[in-house]
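**Q** Structure file target_14.cif (mmCIF, C-alpha atoms) is given on the next line.
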```
data_protein
loop_
_atom_site.label_atom_id
_atom_site.label_comp_id
_atom_site.auth_asym_id
_atom_site.auth_seq_id
_atom_site.Cartn_x
_atom_site.Cartn_y
_atom_site.Cartn_z
CA MET A 20 2.43 3.39 33.48
CA SER A 21 1.39 2.14 36.88
CA ASN A 22 -0.75 -0.92 37.33
CA GLU A 23 -2.93 1.32 39.50
CA THR A 24 -4.24 3.14 36.43
CA THR A 25 -6.57 0.39 35.31
CA ILE A 26 -8.75 2.60 33.15
CA ARG A 27 -7.90 5.80 31.34
CA ARG A 28 -10.89 7.39 29.71
CA HIS A 29 -11.05 8.94 26.30
CA LYS A 30 -11.65 12.64 26.96
CA GLY A 31 -12.82 13.24 23.41
CA ASP A 32 -11.01 14.39 20.28
CA PHE A 33 -8.36 11.67 20.64
CA HIS A 34 -7.00 12.76 23.97
CA TRP A 35 -6.91 10.50 27.02
CA GLU A 36 -6.73 10.86 30.79
CA GLY A 37 -3.14 10.52 31.95
CA VAL A 38 -1.67 10.44 28.43
CA ASP A 39 0.59 13.32 27.44
CA VAL A 40 0.61 14.75 23.93
CA LEU A 41 4.29 14.59 22.94
CA ARG A 42 6.37 15.92 20.14
CA TYR A 43 6.66 13.34 17.38
CA LYS A 44 10.47 13.65 17.32
CA GLN A 45 13.15 16.10 18.24
CA ASP A 46 13.12 19.06 15.88
CA GLY A 47 15.82 18.73 13.24
CA ALA A 48 16.07 14.95 13.61
CA ALA A 49 14.43 14.43 10.22
CA PRO A 50 11.83 16.16 8.05
CA PHE A 51 8.22 15.92 9.19
CA LYS A 52 5.28 18.29 9.54
CA ASP A 53 2.59 18.67 12.19
CA VAL A 54 2.66 15.30 13.94
CA THR A 55 1.97 14.51 17.60
CA ARG A 56 2.66 11.31 19.54
CA GLN A 57 0.82 9.79 22.50
CA VAL A 58 2.03 6.62 24.21
CA LEU A 59 -1.13 4.70 25.12
CA PHE A 60 0.46 1.55 26.52
CA GLU A 61 4.05 1.22 27.68
CA ASP A 62 4.42 -1.39 30.36
CA ALA A 63 7.29 -3.58 31.52
CA GLN A 64 4.78 -6.46 31.52
CA LEU A 65 4.26 -6.15 27.76
CA PRO A 66 6.85 -6.73 25.02
CA ALA A 67 5.26 -4.09 22.77
CA GLN A 68 4.07 -0.50 22.95
CA LEU A 69 0.91 0.97 21.49
CA ARG A 70 1.18 4.59 20.41
CA TYR A 71 -1.29 7.03 18.82
CA PHE A 72 0.08 9.37 16.18
CA GLU A 73 -1.90 12.22 14.77
CA VAL A 74 -0.95 14.09 11.62
CA ALA A 75 -2.63 17.48 11.20
CA PRO A 76 -4.28 18.36 7.85
CA GLY A 77 -1.53 18.67 5.23
CA GLY A 78 1.11 17.20 7.55
CA TYR A 79 3.28 14.10 7.15
CA THR A 80 5.52 11.78 9.17
CA THR A 81 9.22 11.25 8.54
CA LEU A 82 10.05 9.02 5.61
CA GLU A 83 12.01 6.30 7.35
CA ARG A 84 13.08 2.69 7.12
CA PRO A 85 13.54 1.06 10.52
CA GLU A 86 14.68 -2.51 11.18
CA HIS A 87 11.59 -3.20 13.25
CA ALA A 88 8.08 -4.02 12.01
CA HIS A 89 5.09 -1.76 12.60
CA ALA A 90 1.44 -2.74 12.86
CA VAL A 91 -0.92 0.17 12.21
CA MET A 92 -4.67 0.73 12.56
CA VAL A 93 -6.18 3.99 11.37
CA ILE A 94 -8.68 5.34 13.89
CA ARG A 95 -9.07 8.86 12.54
CA ALA A 96 -9.05 9.32 8.80
CA ARG A 97 -8.26 10.58 6.19
CA GLY A 98 -4.93 10.39 4.44
CA GLN A 99 -2.50 8.23 2.54
CA CYS A 100 0.49 6.06 3.27
CA LEU A 101 3.55 5.16 1.30
CA VAL A 102 4.88 1.67 2.11
CA GLY A 103 7.83 0.45 0.05
CA ASP A 104 7.10 1.85 -3.40
CA ARG A 105 3.31 1.67 -3.12
CA SER A 106 0.88 4.30 -1.93
CA PHE A 107 -2.55 3.67 -0.43
CA GLU A 108 -5.59 5.73 0.47
CA LEU A 109 -6.53 5.22 4.11
CA ALA A 110 -9.94 5.09 5.75
CA GLU A 111 -11.01 4.54 9.36
CA HIS A 112 -10.10 1.11 10.79
CA ASP A 113 -7.88 0.13 7.85
CA LEU A 114 -4.89 -2.02 8.83
CA VAL A 115 -1.36 -1.41 7.55
CA SER A 116 1.55 -3.86 7.99
CA VAL A 117 4.99 -2.35 7.60
CA PRO A 118 7.64 -5.09 7.35
CA PRO A 119 11.16 -4.50 8.73
CA MET A 120 13.49 -2.36 6.61
CA THR A 121 10.63 -0.98 4.56
CA ARG A 122 10.45 2.76 3.94
CA HIS A 123 7.15 4.30 4.87
CA GLN A 124 5.46 7.62 5.43
CA PHE A 125 1.98 8.76 6.44
CA HIS A 126 0.30 11.86 5.02
CA ALA A 127 -2.88 13.52 6.23
CA SER A 128 -5.28 14.84 3.64
CA PRO A 129 -5.30 18.62 3.18
CA GLU A 130 -8.77 18.80 4.73
CA ALA A 131 -8.66 16.52 7.77
CA PRO A 132 -6.28 14.95 10.28
CA LEU A 133 -5.03 11.37 10.05
CA GLY A 134 -4.72 9.47 13.34
CA PHE A 135 -3.44 5.94 13.75
CA LEU A 136 -2.46 3.40 16.36
CA CYS A 137 1.02 1.92 15.91
CA LEU A 138 2.21 -1.24 17.62
CA VAL A 139 5.98 -1.78 17.87
CA ALA A 140 8.32 -3.94 19.96
CA SER A 141 9.39 -2.23 23.18
CA GLN A 142 13.01 -3.08 22.30
CA ARG A 143 13.70 -1.70 18.85
CA ASP A 144 16.22 0.17 16.73
CA ARG A 145 16.22 3.90 16.08
CA PRO A 146 15.00 5.10 12.66
CA GLN A 147 17.34 4.80 9.68
CA LEU A 148 16.99 7.79 7.40
CA PRO A 149 17.34 7.45 3.62
CA THR A 150 20.62 8.21 1.87
CA ALA A 151 20.72 11.20 -0.50
CA ASP A 152 20.06 8.92 -3.51
CA GLU A 153 17.21 7.19 -1.73
CA ALA A 154 15.77 10.53 -0.64
CA ARG A 155 15.53 11.66 -4.26
CA GLU A 156 13.81 8.45 -5.30
CA LEU A 157 11.45 8.70 -2.35
CA GLN A 158 10.69 12.31 -3.18
CA ARG A 159 9.66 11.11 -6.62
CA LEU A 160 7.42 8.41 -5.15
CA ALA A 161 5.95 10.79 -2.62
CA GLY A 162 4.97 13.04 -5.51
CA LYS A 163 2.49 10.37 -6.50
CA LEU A 164 0.58 10.84 -3.25
CA MET B 3 0.28 -12.99 7.89
CA SER B 4 2.41 -12.46 4.82
CA ASN B 5 4.45 -9.35 4.35
CA GLU B 6 2.77 -9.13 0.93
CA THR B 7 -0.49 -8.06 2.54
CA THR B 8 0.60 -4.52 3.29
CA ILE B 9 -2.89 -3.12 3.63
CA ARG B 10 -6.10 -4.81 4.69
CA ARG B 11 -9.10 -2.57 4.37
CA HIS B 12 -11.92 -2.22 6.83
CA LYS B 13 -14.95 -3.59 5.00
CA GLY B 14 -17.36 -1.91 7.41
CA ASP B 15 -19.08 -3.13 10.56
CA PHE B 16 -15.78 -4.22 12.12
CA HIS B 17 -14.84 -6.77 9.53
CA TRP B 18 -11.59 -6.63 7.55
CA GLU B 19 -10.23 -7.98 4.28
CA GLY B 20 -8.27 -11.17 4.91
CA VAL B 21 -9.24 -11.42 8.59
CA ASP B 22 -11.37 -14.38 9.63
CA VAL B 23 -14.07 -14.11 12.27
CA LEU B 24 -13.17 -16.87 14.73
CA ARG B 25 -14.80 -18.49 17.67
CA TYR B 26 -13.72 -16.79 20.88
CA LYS B 27 -12.79 -20.13 22.48
CA GLN B 28 -13.58 -23.77 22.16
CA ASP B 29 -17.10 -24.45 23.39
CA GLY B 30 -17.08 -25.84 26.91
CA ALA B 31 -13.63 -24.41 27.72
CA ALA B 32 -15.17 -21.88 30.09
CA PRO B 33 -18.41 -19.90 30.38
CA PHE B 34 -18.88 -17.06 27.91
CA LYS B 35 -21.69 -15.76 25.71
CA ASP B 36 -21.75 -14.38 22.17
CA VAL B 37 -18.14 -13.37 21.61
CA THR B 38 -16.13 -13.42 18.38
CA ARG B 39 -12.37 -13.06 17.87
CA GLN B 40 -10.42 -11.61 14.95
CA VAL B 41 -6.63 -11.65 14.87
CA LEU B 42 -5.64 -8.35 13.26
CA PHE B 43 -1.87 -8.61 13.58
CA GLU B 44 0.07 -11.81 14.19
CA ASP B 45 3.54 -11.65 12.74
CA ALA B 46 6.83 -13.38 13.57
CA GLN B 47 8.44 -9.94 13.28
CA LEU B 48 6.39 -8.64 16.22
CA PRO B 49 6.55 -9.81 19.85
CA ALA B 50 2.85 -9.06 20.38
CA GLN B 51 -0.50 -9.75 18.76
CA LEU B 52 -3.38 -7.37 18.27
CA ARG B 53 -6.81 -8.96 18.33
CA TYR B 54 -10.35 -7.56 17.98
CA PHE B 55 -13.01 -9.08 20.21
CA GLU B 56 -16.66 -8.33 19.79
CA VAL B 57 -19.27 -9.13 22.40
CA ALA B 58 -22.86 -9.16 21.13
CA PRO B 59 -25.56 -7.26 23.07
CA GLY B 60 -26.05 -9.01 26.43
CA GLY B 61 -22.95 -11.19 25.96
CA TYR B 62 -19.81 -11.49 28.06
CA THR B 63 -16.28 -12.85 27.91
CA THR B 64 -14.90 -15.56 30.17
CA LEU B 65 -13.99 -14.43 33.64
CA GLU B 66 -10.32 -15.32 33.73
CA ARG B 67 -7.02 -14.49 35.36
CA PRO B 68 -4.05 -15.08 33.08
CA GLU B 69 -0.38 -14.58 33.97
CA HIS B 70 0.09 -12.22 31.06
CA ALA B 71 -0.88 -8.54 30.86
CA HIS B 72 -3.51 -7.22 28.45
CA ALA B 73 -3.75 -3.75 26.94
CA VAL B 74 -7.25 -2.91 25.71
CA MET B 75 -8.78 -0.11 23.65
CA VAL B 76 -12.53 0.00 23.16
CA ILE B 77 -13.41 0.81 19.54
CA ARG B 78 -17.09 -0.12 19.59
CA ALA B 79 -19.05 0.67 22.69
CA ARG B 80 -20.98 0.14 24.93
CA GLY B 81 -20.48 -2.11 27.91
CA GLN B 82 -18.68 -2.64 31.18
CA CYS B 83 -15.57 -4.37 32.40
CA LEU B 84 -14.66 -6.00 35.65
CA VAL B 85 -10.93 -5.75 36.47
CA GLY B 86 -9.82 -7.11 39.83
CA ASP B 87 -12.70 -6.18 42.13
CA ARG B 88 -13.68 -2.99 40.33
CA SER B 89 -16.16 -2.46 37.54
CA PHE B 90 -16.11 0.32 34.95
CA GLU B 91 -18.45 1.68 32.32
CA LEU B 92 -16.77 1.71 28.92
CA ALA B 93 -17.06 4.20 26.08
CA GLU B 94 -15.40 4.38 22.66
CA HIS B 95 -11.61 4.79 22.75
CA ASP B 96 -11.31 4.17 26.50
CA LEU B 97 -8.11 2.36 27.52
CA VAL B 98 -8.03 -0.55 29.98
CA SER B 99 -4.85 -1.99 31.50
CA VAL B 100 -5.17 -5.49 32.88
CA PRO B 101 -2.10 -6.39 34.96
CA PRO B 102 -0.89 -10.01 35.11
CA MET B 103 -2.86 -12.39 37.35
CA THR B 104 -5.82 -10.03 37.53
CA ARG B 105 -9.28 -11.42 36.97
CA HIS B 106 -11.24 -9.60 34.33
CA GLN B 107 -14.36 -9.88 32.25
CA PHE B 108 -16.03 -7.73 29.58
CA HIS B 109 -19.80 -7.35 29.25
CA ALA B 110 -21.70 -5.78 26.38
CA SER B 111 -24.69 -3.64 27.24
CA PRO B 112 -28.10 -5.24 26.59
CA GLU B 113 -28.72 -2.81 23.72
CA ALA B 114 -25.44 -2.68 21.77
CA PRO B 115 -22.29 -4.66 21.06
CA LEU B 116 -18.97 -4.01 22.77
CA GLY B 117 -15.86 -4.29 20.57
CA PHE B 118 -12.29 -3.87 21.72
CA LEU B 119 -8.70 -4.23 20.59
CA CYS B 120 -6.53 -6.37 22.86
CA LEU B 121 -2.74 -6.39 22.77
CA VAL B 122 -0.96 -9.39 24.30
CA ALA B 123 2.50 -10.95 24.08
CA SER B 124 2.79 -13.53 21.30
CA GLN B 125 4.30 -15.94 23.84
CA ARG B 126 1.87 -16.21 26.73
CA ASP B 127 0.20 -18.62 29.11
CA ARG B 128 -3.22 -20.16 28.67
CA PRO B 129 -6.10 -18.77 30.77
CA GLN B 130 -6.37 -19.76 34.43
CA LEU B 131 -9.96 -20.18 35.43
CA PRO B 132 -11.19 -19.24 38.92
CA THR B 133 -11.51 -21.84 41.65
CA ALA B 134 -15.03 -22.65 42.93
CA ASP B 135 -14.59 -20.21 45.84
CA GLU B 136 -13.31 -17.51 43.54
CA ALA B 137 -16.14 -18.15 41.13
CA ARG B 138 -18.70 -17.46 43.86
CA GLU B 139 -16.96 -14.24 44.84
CA LEU B 140 -16.72 -13.18 41.22
CA GLN B 141 -20.37 -13.96 40.67
CA ARG B 142 -21.13 -11.58 43.53
CA LEU B 143 -18.96 -8.86 41.99
CA ALA B 144 -20.39 -9.42 38.54
CA GLY B 145 -23.83 -8.83 40.03
CA LYS B 146 -22.78 -5.22 40.51
CA LEU B 147 -22.40 -4.73 36.76
#
```
Would you encode the structure as C-alpha cells?
**A**
Amino acid sequence: MSNETTIRRHKGDFHWEGVDVLRYKQDGAAPFKDVTRQVLFEDAQLPAQLRYFEVAPGGYTTLERPEHAHAVMVIRARGQCLVGDRSFELAEHDLVSVPPMTRHQFHASPEAPLGFLCLVASQRDRPQLPTADEARELQRLAGKL
Amino acid sequence: MSNETTIRRHKGDFHWEGVDVLRYKQDGAAPFKDVTRQVLFEDAQLPAQLRYFEVAPGGYTTLERPEHAHAVMVIRARGQCLVGDRSFELAEHDLVSVPPMTRHQFHASPEAPLGFLCLVASQRDRPQLPTADEARELQRLAGKL
C-alpha cells in the first residue's frame, strides 16, 4: 500500500476502493467453505496487518492452530466461533481474542454472512493443521455449533 | 488482557464487556475536545494495539504528528479528518492511512459522533505537537473543514 493512498472509501457491502477481494487460501490447502479475504492495511511502517474476512451463509473458515495470536472484531454478523474447546455466538462489534497455538474456526449462520476484522503480526508462521486424531476431536466439537 | 477473556461482547452503543472508557489524554497535554479512548486489544502476543476512539458531536482530536504510522477504520460516522494538508469527509467503514510524521486530526460533525478503530505499533513514540508556526498553518487548514 502506498502512502499516497491516504483514504480508501467504503464502496458499500464491505468492499473498499483499492482493496482486492482475494481467495481465502489456495484450494486444497485445507478444508474451508465460501470465505473471502481482503487486506485492509499492510504497510512496512506497521508491525501488524488488518484483514477483513467474510464467510458466506453456511460457510466456515479452516480449523487451524497457528503459533501467532489473532485479534478479531466482528463487523458483519451473524455466526459462531470455536476457540479452543468453547463455542460462542457472535454479534456485530463483538471482540474475540485467539491466543497462540489455539485451534479456532469461524462459521457463518445459514441465513447471513459473517464478516470480521482480524489483526495479526506482519511476521508470522503459516497455519498448523490438526493431526488426524485432533481432526476427529475437533469434528466432534464443531458438531456442537 | 488475559488469554482467559476469549470473547468480550459488544454491549451496545460502542461499549464492550471488560473494556474501560478512558480519557483520551491527560488534560492540558494538548488541545482536544470531547474524545474518549478504549483499548480493545493490547496483548504481549501482538506487536500492535487496536484502540477505539470516539469524538462527541462538535469535538476533535489533538492535531499531532507522531513518528509512528496509524491505520484507521471508521465504525461510527460522521465527521472529517485532516491528514497532511488534505481534508476528507468520513463515512462508516472508510479506511484512513496516516503515514509517519504526518500531521492529522479527526473532527466529529456537529450533529453526530465520530468513532474509529486505530491500529498502532505497541512500541511507539509519544506525540509531537506542532511548533507555533505550524500551529498557525494548521489552524488555517482546519478552517477548511
**Q** What residues come out when you apply the PyMOL selection byres ((chain A) within 8 of (chain B)) to this file, written as number ranges by chain?
**A** A: 22, 24-29, 33, 35, 59-60, 64-67, 87-90, 102, 107, 110-119, 139-140
**Q** Using all atoms listed in the file, which residues sit within 9 Å of Pro76 in chain A once same-chain residues fewer than 2 positions away are excluded, as a ChimeraX atom specification?
**A** /A:53,74,78-79,97-98,126-133
**Q** Restricting the output to C-alpha atoms, write the selected residues as a tab-separated table (two decimals), in the coordinates of the input.
**A**
```
chain	number	residue	atom	x	y	z
A	53	ASP	CA	2.59	18.67	12.19
A	74	VAL	CA	-0.95	14.09	11.62
A	78	GLY	CA	1.11	17.20	7.55
A	79	TYR	CA	3.28	14.10	7.15
A	97	ARG	CA	-8.26	10.58	6.19
A	98	GLY	CA	-4.93	10.39	4.44
A	126	HIS	CA	0.30	11.86	5.02
A	127	ALA	CA	-2.88	13.52	6.23
A	128	SER	CA	-5.28	14.84	3.64
A	129	PRO	CA	-5.30	18.62	3.18
A	130	GLU	CA	-8.77	18.80	4.73
A	131	ALA	CA	-8.66	16.52	7.77
A	132	PRO	CA	-6.28	14.95	10.28
A	133	LEU	CA	-5.03	11.37	10.05
```
**Q** Check which residues satisfy the PyMOL selection byres ((chain B and resi 33) around 6) in the file shown, then give them as a count of residues only.
**A** 3
**Q** Write out the coordinates of chain B as a PDB file with C-alpha atoms, keeping the file's coordinate frame after a least-squares overlay onto chain A built on all ordered Cα pairs.
**A**
```pdb
ATOM      1  CA  MET B   3       2.411   3.294  33.531  1.00  0.00           C
ATOM      2  CA  SER B   4       1.336   2.083  36.940  1.00  0.00           C
ATOM      3  CA  ASN B   5      -0.834  -0.945  37.362  1.00  0.00           C
ATOM      4  CA  GLU B   6      -3.025   1.303  39.533  1.00  0.00           C
ATOM      5  CA  THR B   7      -4.290   3.129  36.462  1.00  0.00           C
ATOM      6  CA  THR B   8      -6.607   0.375  35.309  1.00  0.00           C
ATOM      7  CA  ILE B   9      -8.768   2.588  33.144  1.00  0.00           C
ATOM      8  CA  ARG B  10      -7.921   5.791  31.326  1.00  0.00           C
ATOM      9  CA  ARG B  11     -10.916   7.383  29.708  1.00  0.00           C
ATOM     10  CA  HIS B  12     -11.067   8.938  26.289  1.00  0.00           C
ATOM     11  CA  LYS B  13     -11.670  12.626  26.951  1.00  0.00           C
ATOM     12  CA  GLY B  14     -12.833  13.236  23.385  1.00  0.00           C
ATOM     13  CA  ASP B  15     -11.009  14.395  20.271  1.00  0.00           C
ATOM     14  CA  PHE B  16      -8.358  11.684  20.632  1.00  0.00           C
ATOM     15  CA  HIS B  17      -7.010  12.766  23.965  1.00  0.00           C
ATOM     16  CA  TRP B  18      -6.929  10.492  27.019  1.00  0.00           C
ATOM     17  CA  GLU B  19      -6.750  10.852  30.788  1.00  0.00           C
ATOM     18  CA  GLY B  20      -3.156  10.492  31.955  1.00  0.00           C
ATOM     19  CA  VAL B  21      -1.682  10.428  28.438  1.00  0.00           C
ATOM     20  CA  ASP B  22       0.576  13.308  27.446  1.00  0.00           C
ATOM     21  CA  VAL B  23       0.608  14.749  23.945  1.00  0.00           C
ATOM     22  CA  LEU B  24       4.282  14.590  22.965  1.00  0.00           C
ATOM     23  CA  ARG B  25       6.383  15.915  20.180  1.00  0.00           C
ATOM     24  CA  TYR B  26       6.670  13.348  17.408  1.00  0.00           C
ATOM     25  CA  LYS B  27      10.474  13.664  17.341  1.00  0.00           C
ATOM     26  CA  GLN B  28      13.156  16.094  18.278  1.00  0.00           C
ATOM     27  CA  ASP B  29      13.123  19.048  15.904  1.00  0.00           C
ATOM     28  CA  GLY B  30      15.810  18.714  13.260  1.00  0.00           C
ATOM     29  CA  ALA B  31      16.061  14.920  13.640  1.00  0.00           C
ATOM     30  CA  ALA B  32      14.443  14.414  10.247  1.00  0.00           C
ATOM     31  CA  PRO B  33      11.851  16.163   8.072  1.00  0.00           C
ATOM     32  CA  PHE B  34       8.244  15.924   9.222  1.00  0.00           C
ATOM     33  CA  LYS B  35       5.300  18.298   9.564  1.00  0.00           C
ATOM     34  CA  ASP B  36       2.600  18.676  12.211  1.00  0.00           C
ATOM     35  CA  VAL B  37       2.670  15.312  13.956  1.00  0.00           C
ATOM     36  CA  THR B  38       1.977  14.513  17.611  1.00  0.00           C
ATOM     37  CA  ARG B  39       2.667  11.308  19.555  1.00  0.00           C
ATOM     38  CA  GLN B  40       0.821   9.785  22.505  1.00  0.00           C
ATOM     39  CA  VAL B  41       2.041   6.622  24.201  1.00  0.00           C
ATOM     40  CA  LEU B  42      -1.116   4.704  25.106  1.00  0.00           C
ATOM     41  CA  PHE B  43       0.455   1.550  26.508  1.00  0.00           C
ATOM     42  CA  GLU B  44       4.044   1.217  27.687  1.00  0.00           C
ATOM     43  CA  ASP B  45       4.406  -1.396  30.373  1.00  0.00           C
ATOM     44  CA  ALA B  46       7.282  -3.606  31.534  1.00  0.00           C
ATOM     45  CA  GLN B  47       4.772  -6.471  31.527  1.00  0.00           C
ATOM     46  CA  LEU B  48       4.272  -6.135  27.762  1.00  0.00           C
ATOM     47  CA  PRO B  49       6.865  -6.718  25.022  1.00  0.00           C
ATOM     48  CA  ALA B  50       5.267  -4.080  22.782  1.00  0.00           C
ATOM     49  CA  GLN B  51       4.077  -0.491  22.940  1.00  0.00           C
ATOM     50  CA  LEU B  52       0.929   0.982  21.482  1.00  0.00           C
ATOM     51  CA  ARG B  53       1.193   4.596  20.404  1.00  0.00           C
ATOM     52  CA  TYR B  54      -1.280   7.039  18.812  1.00  0.00           C
ATOM     53  CA  PHE B  55       0.101   9.381  16.173  1.00  0.00           C
ATOM     54  CA  GLU B  56      -1.888  12.236  14.773  1.00  0.00           C
ATOM     55  CA  VAL B  57      -0.936  14.101  11.630  1.00  0.00           C
ATOM     56  CA  ALA B  58      -2.611  17.494  11.203  1.00  0.00           C
ATOM     57  CA  PRO B  59      -4.255  18.375   7.858  1.00  0.00           C
ATOM     58  CA  GLY B  60      -1.497  18.682   5.233  1.00  0.00           C
ATOM     59  CA  GLY B  61       1.142  17.193   7.558  1.00  0.00           C
ATOM     60  CA  TYR B  62       3.306  14.106   7.168  1.00  0.00           C
ATOM     61  CA  THR B  63       5.527  11.789   9.176  1.00  0.00           C
ATOM     62  CA  THR B  64       9.227  11.256   8.559  1.00  0.00           C
ATOM     63  CA  LEU B  65      10.051   9.024   5.646  1.00  0.00           C
ATOM     64  CA  GLU B  66      12.024   6.307   7.377  1.00  0.00           C
ATOM     65  CA  ARG B  67      13.084   2.693   7.151  1.00  0.00           C
ATOM     66  CA  PRO B  68      13.563   1.073  10.545  1.00  0.00           C
ATOM     67  CA  GLU B  69      14.704  -2.501  11.205  1.00  0.00           C
ATOM     68  CA  HIS B  70      11.617  -3.193  13.267  1.00  0.00           C
ATOM     69  CA  ALA B  71       8.112  -4.013  12.016  1.00  0.00           C
ATOM     70  CA  HIS B  72       5.118  -1.743  12.610  1.00  0.00           C
ATOM     71  CA  ALA B  73       1.464  -2.726  12.858  1.00  0.00           C
ATOM     72  CA  VAL B  74      -0.899   0.180  12.195  1.00  0.00           C
ATOM     73  CA  MET B  75      -4.638   0.744  12.551  1.00  0.00           C
ATOM     74  CA  VAL B  76      -6.149   3.996  11.344  1.00  0.00           C
ATOM     75  CA  ILE B  77      -8.665   5.350  13.867  1.00  0.00           C
ATOM     76  CA  ARG B  78      -9.044   8.875  12.510  1.00  0.00           C
ATOM     77  CA  ALA B  79      -9.016   9.327   8.786  1.00  0.00           C
ATOM     78  CA  ARG B  80      -8.231  10.593   6.178  1.00  0.00           C
ATOM     79  CA  GLY B  81      -4.895  10.397   4.439  1.00  0.00           C
ATOM     80  CA  GLN B  82      -2.468   8.231   2.533  1.00  0.00           C
ATOM     81  CA  CYS B  83       0.517   6.067   3.282  1.00  0.00           C
ATOM     82  CA  LEU B  84       3.578   5.165   1.316  1.00  0.00           C
ATOM     83  CA  VAL B  85       4.919   1.674   2.130  1.00  0.00           C
ATOM     84  CA  GLY B  86       7.863   0.449   0.080  1.00  0.00           C
ATOM     85  CA  ASP B  87       7.135   1.831  -3.385  1.00  0.00           C
ATOM     86  CA  ARG B  88       3.355   1.680  -3.126  1.00  0.00           C
ATOM     87  CA  SER B  89       0.914   4.291  -1.924  1.00  0.00           C
ATOM     88  CA  PHE B  90      -2.526   3.673  -0.433  1.00  0.00           C
ATOM     89  CA  GLU B  91      -5.554   5.739   0.464  1.00  0.00           C
ATOM     90  CA  LEU B  92      -6.493   5.229   4.103  1.00  0.00           C
ATOM     91  CA  ALA B  93      -9.905   5.099   5.744  1.00  0.00           C
ATOM     92  CA  GLU B  94     -10.986   4.542   9.350  1.00  0.00           C
ATOM     93  CA  HIS B  95     -10.072   1.126  10.776  1.00  0.00           C
ATOM     94  CA  ASP B  96      -7.847   0.139   7.842  1.00  0.00           C
ATOM     95  CA  LEU B  97      -4.851  -2.010   8.823  1.00  0.00           C
ATOM     96  CA  VAL B  98      -1.315  -1.407   7.535  1.00  0.00           C
ATOM     97  CA  SER B  99       1.576  -3.845   7.975  1.00  0.00           C
ATOM     98  CA  VAL B 100       5.019  -2.339   7.609  1.00  0.00           C
ATOM     99  CA  PRO B 101       7.658  -5.084   7.372  1.00  0.00           C
ATOM    100  CA  PRO B 102      11.169  -4.482   8.751  1.00  0.00           C
ATOM    101  CA  MET B 103      13.503  -2.330   6.634  1.00  0.00           C
ATOM    102  CA  THR B 104      10.633  -0.963   4.569  1.00  0.00           C
ATOM    103  CA  ARG B 105      10.453   2.753   3.958  1.00  0.00           C
ATOM    104  CA  HIS B 106       7.154   4.289   4.899  1.00  0.00           C
ATOM    105  CA  GLN B 107       5.495   7.620   5.439  1.00  0.00           C
ATOM    106  CA  PHE B 108       1.999   8.768   6.438  1.00  0.00           C
ATOM    107  CA  HIS B 109       0.322  11.869   5.011  1.00  0.00           C
ATOM    108  CA  ALA B 110      -2.844  13.532   6.245  1.00  0.00           C
ATOM    109  CA  SER B 111      -5.246  14.841   3.642  1.00  0.00           C
ATOM    110  CA  PRO B 112      -5.272  18.636   3.187  1.00  0.00           C
ATOM    111  CA  GLU B 113      -8.752  18.822   4.730  1.00  0.00           C
ATOM    112  CA  ALA B 114      -8.640  16.519   7.774  1.00  0.00           C
ATOM    113  CA  PRO B 115      -6.257  14.961  10.272  1.00  0.00           C
ATOM    114  CA  LEU B 116      -5.004  11.391  10.035  1.00  0.00           C
ATOM    115  CA  GLY B 117      -4.708   9.488  13.334  1.00  0.00           C
ATOM    116  CA  PHE B 118      -3.420   5.965  13.749  1.00  0.00           C
ATOM    117  CA  LEU B 119      -2.443   3.403  16.353  1.00  0.00           C
ATOM    118  CA  CYS B 120       1.035   1.937  15.908  1.00  0.00           C
ATOM    119  CA  LEU B 121       2.234  -1.233  17.607  1.00  0.00           C
ATOM    120  CA  VAL B 122       5.996  -1.772  17.870  1.00  0.00           C
ATOM    121  CA  ALA B 123       8.333  -3.919  19.962  1.00  0.00           C
ATOM    122  CA  SER B 124       9.416  -2.222  23.190  1.00  0.00           C
ATOM    123  CA  GLN B 125      13.024  -3.079  22.305  1.00  0.00           C
ATOM    124  CA  ARG B 126      13.706  -1.686  18.852  1.00  0.00           C
ATOM    125  CA  ASP B 127      16.222   0.188  16.750  1.00  0.00           C
ATOM    126  CA  ARG B 128      16.232   3.907  16.093  1.00  0.00           C
ATOM    127  CA  PRO B 129      15.030   5.132  12.674  1.00  0.00           C
ATOM    128  CA  GLN B 130      17.345   4.821   9.676  1.00  0.00           C
ATOM    129  CA  LEU B 131      16.971   7.777   7.398  1.00  0.00           C
ATOM    130  CA  PRO B 132      17.275   7.437   3.608  1.00  0.00           C
ATOM    131  CA  THR B 133      20.536   8.162   1.831  1.00  0.00           C
ATOM    132  CA  ALA B 134      20.634  11.162  -0.550  1.00  0.00           C
ATOM    133  CA  ASP B 135      19.961   8.877  -3.540  1.00  0.00           C
ATOM    134  CA  GLU B 136      17.109   7.178  -1.753  1.00  0.00           C
ATOM    135  CA  ALA B 137      15.706  10.519  -0.706  1.00  0.00           C
ATOM    136  CA  ARG B 138      15.467  11.624  -4.340  1.00  0.00           C
ATOM    137  CA  GLU B 139      13.728   8.405  -5.326  1.00  0.00           C
ATOM    138  CA  LEU B 140      11.361   8.697  -2.394  1.00  0.00           C
ATOM    139  CA  GLN B 141      10.608  12.291  -3.262  1.00  0.00           C
ATOM    140  CA  ARG B 142       9.578  11.061  -6.704  1.00  0.00           C
ATOM    141  CA  LEU B 143       7.321   8.394  -5.198  1.00  0.00           C
ATOM    142  CA  ALA B 144       5.856  10.797  -2.680  1.00  0.00           C
ATOM    143  CA  GLY B 145       4.888  13.029  -5.593  1.00  0.00           C
ATOM    144  CA  LYS B 146       2.383  10.350  -6.549  1.00  0.00           C
ATOM    145  CA  LEU B 147       0.487  10.821  -3.289  1.00  0.00           C
TER     146      LEU B 147
END
```
**Q** Would you place a box with edges along x, y and z of the file around all atoms of range 90-93 of chain A listed there, add 4 Å to each of its six sides, and report the centre and edge lengths in Å to one decimal, as AutoDock Vina command-line options?
**A**
```
--center_x -2.4 --center_y 0.6 --center_z 12.1 --size_x 15.6 --size_y 14.7 --size_z 9.5
```
**Q** Give me, please, the distance in Å between CA of Arg84 in chain A and CA of Tyr54 in chain B, quoted to one decimal.
**A** 27.8 Å
**Q** Please provide as number ranges by chain all residues within 8 Å of Glu73 in chain A, with the sequence filter that same-chain residues fewer than 5 positions apart are discarded (counting only C-alpha atoms).
**A** A: 54-56, 132-135
**Q** Please measure the separation of CA of Phe55 in chain B and CA of Lys27 in chain B, giving the value in Å to one decimal.
**A**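 So the two atoms, CA of Phe55 in chain B and CA of Lys27 in chain B, lie 11.3 Å apart.
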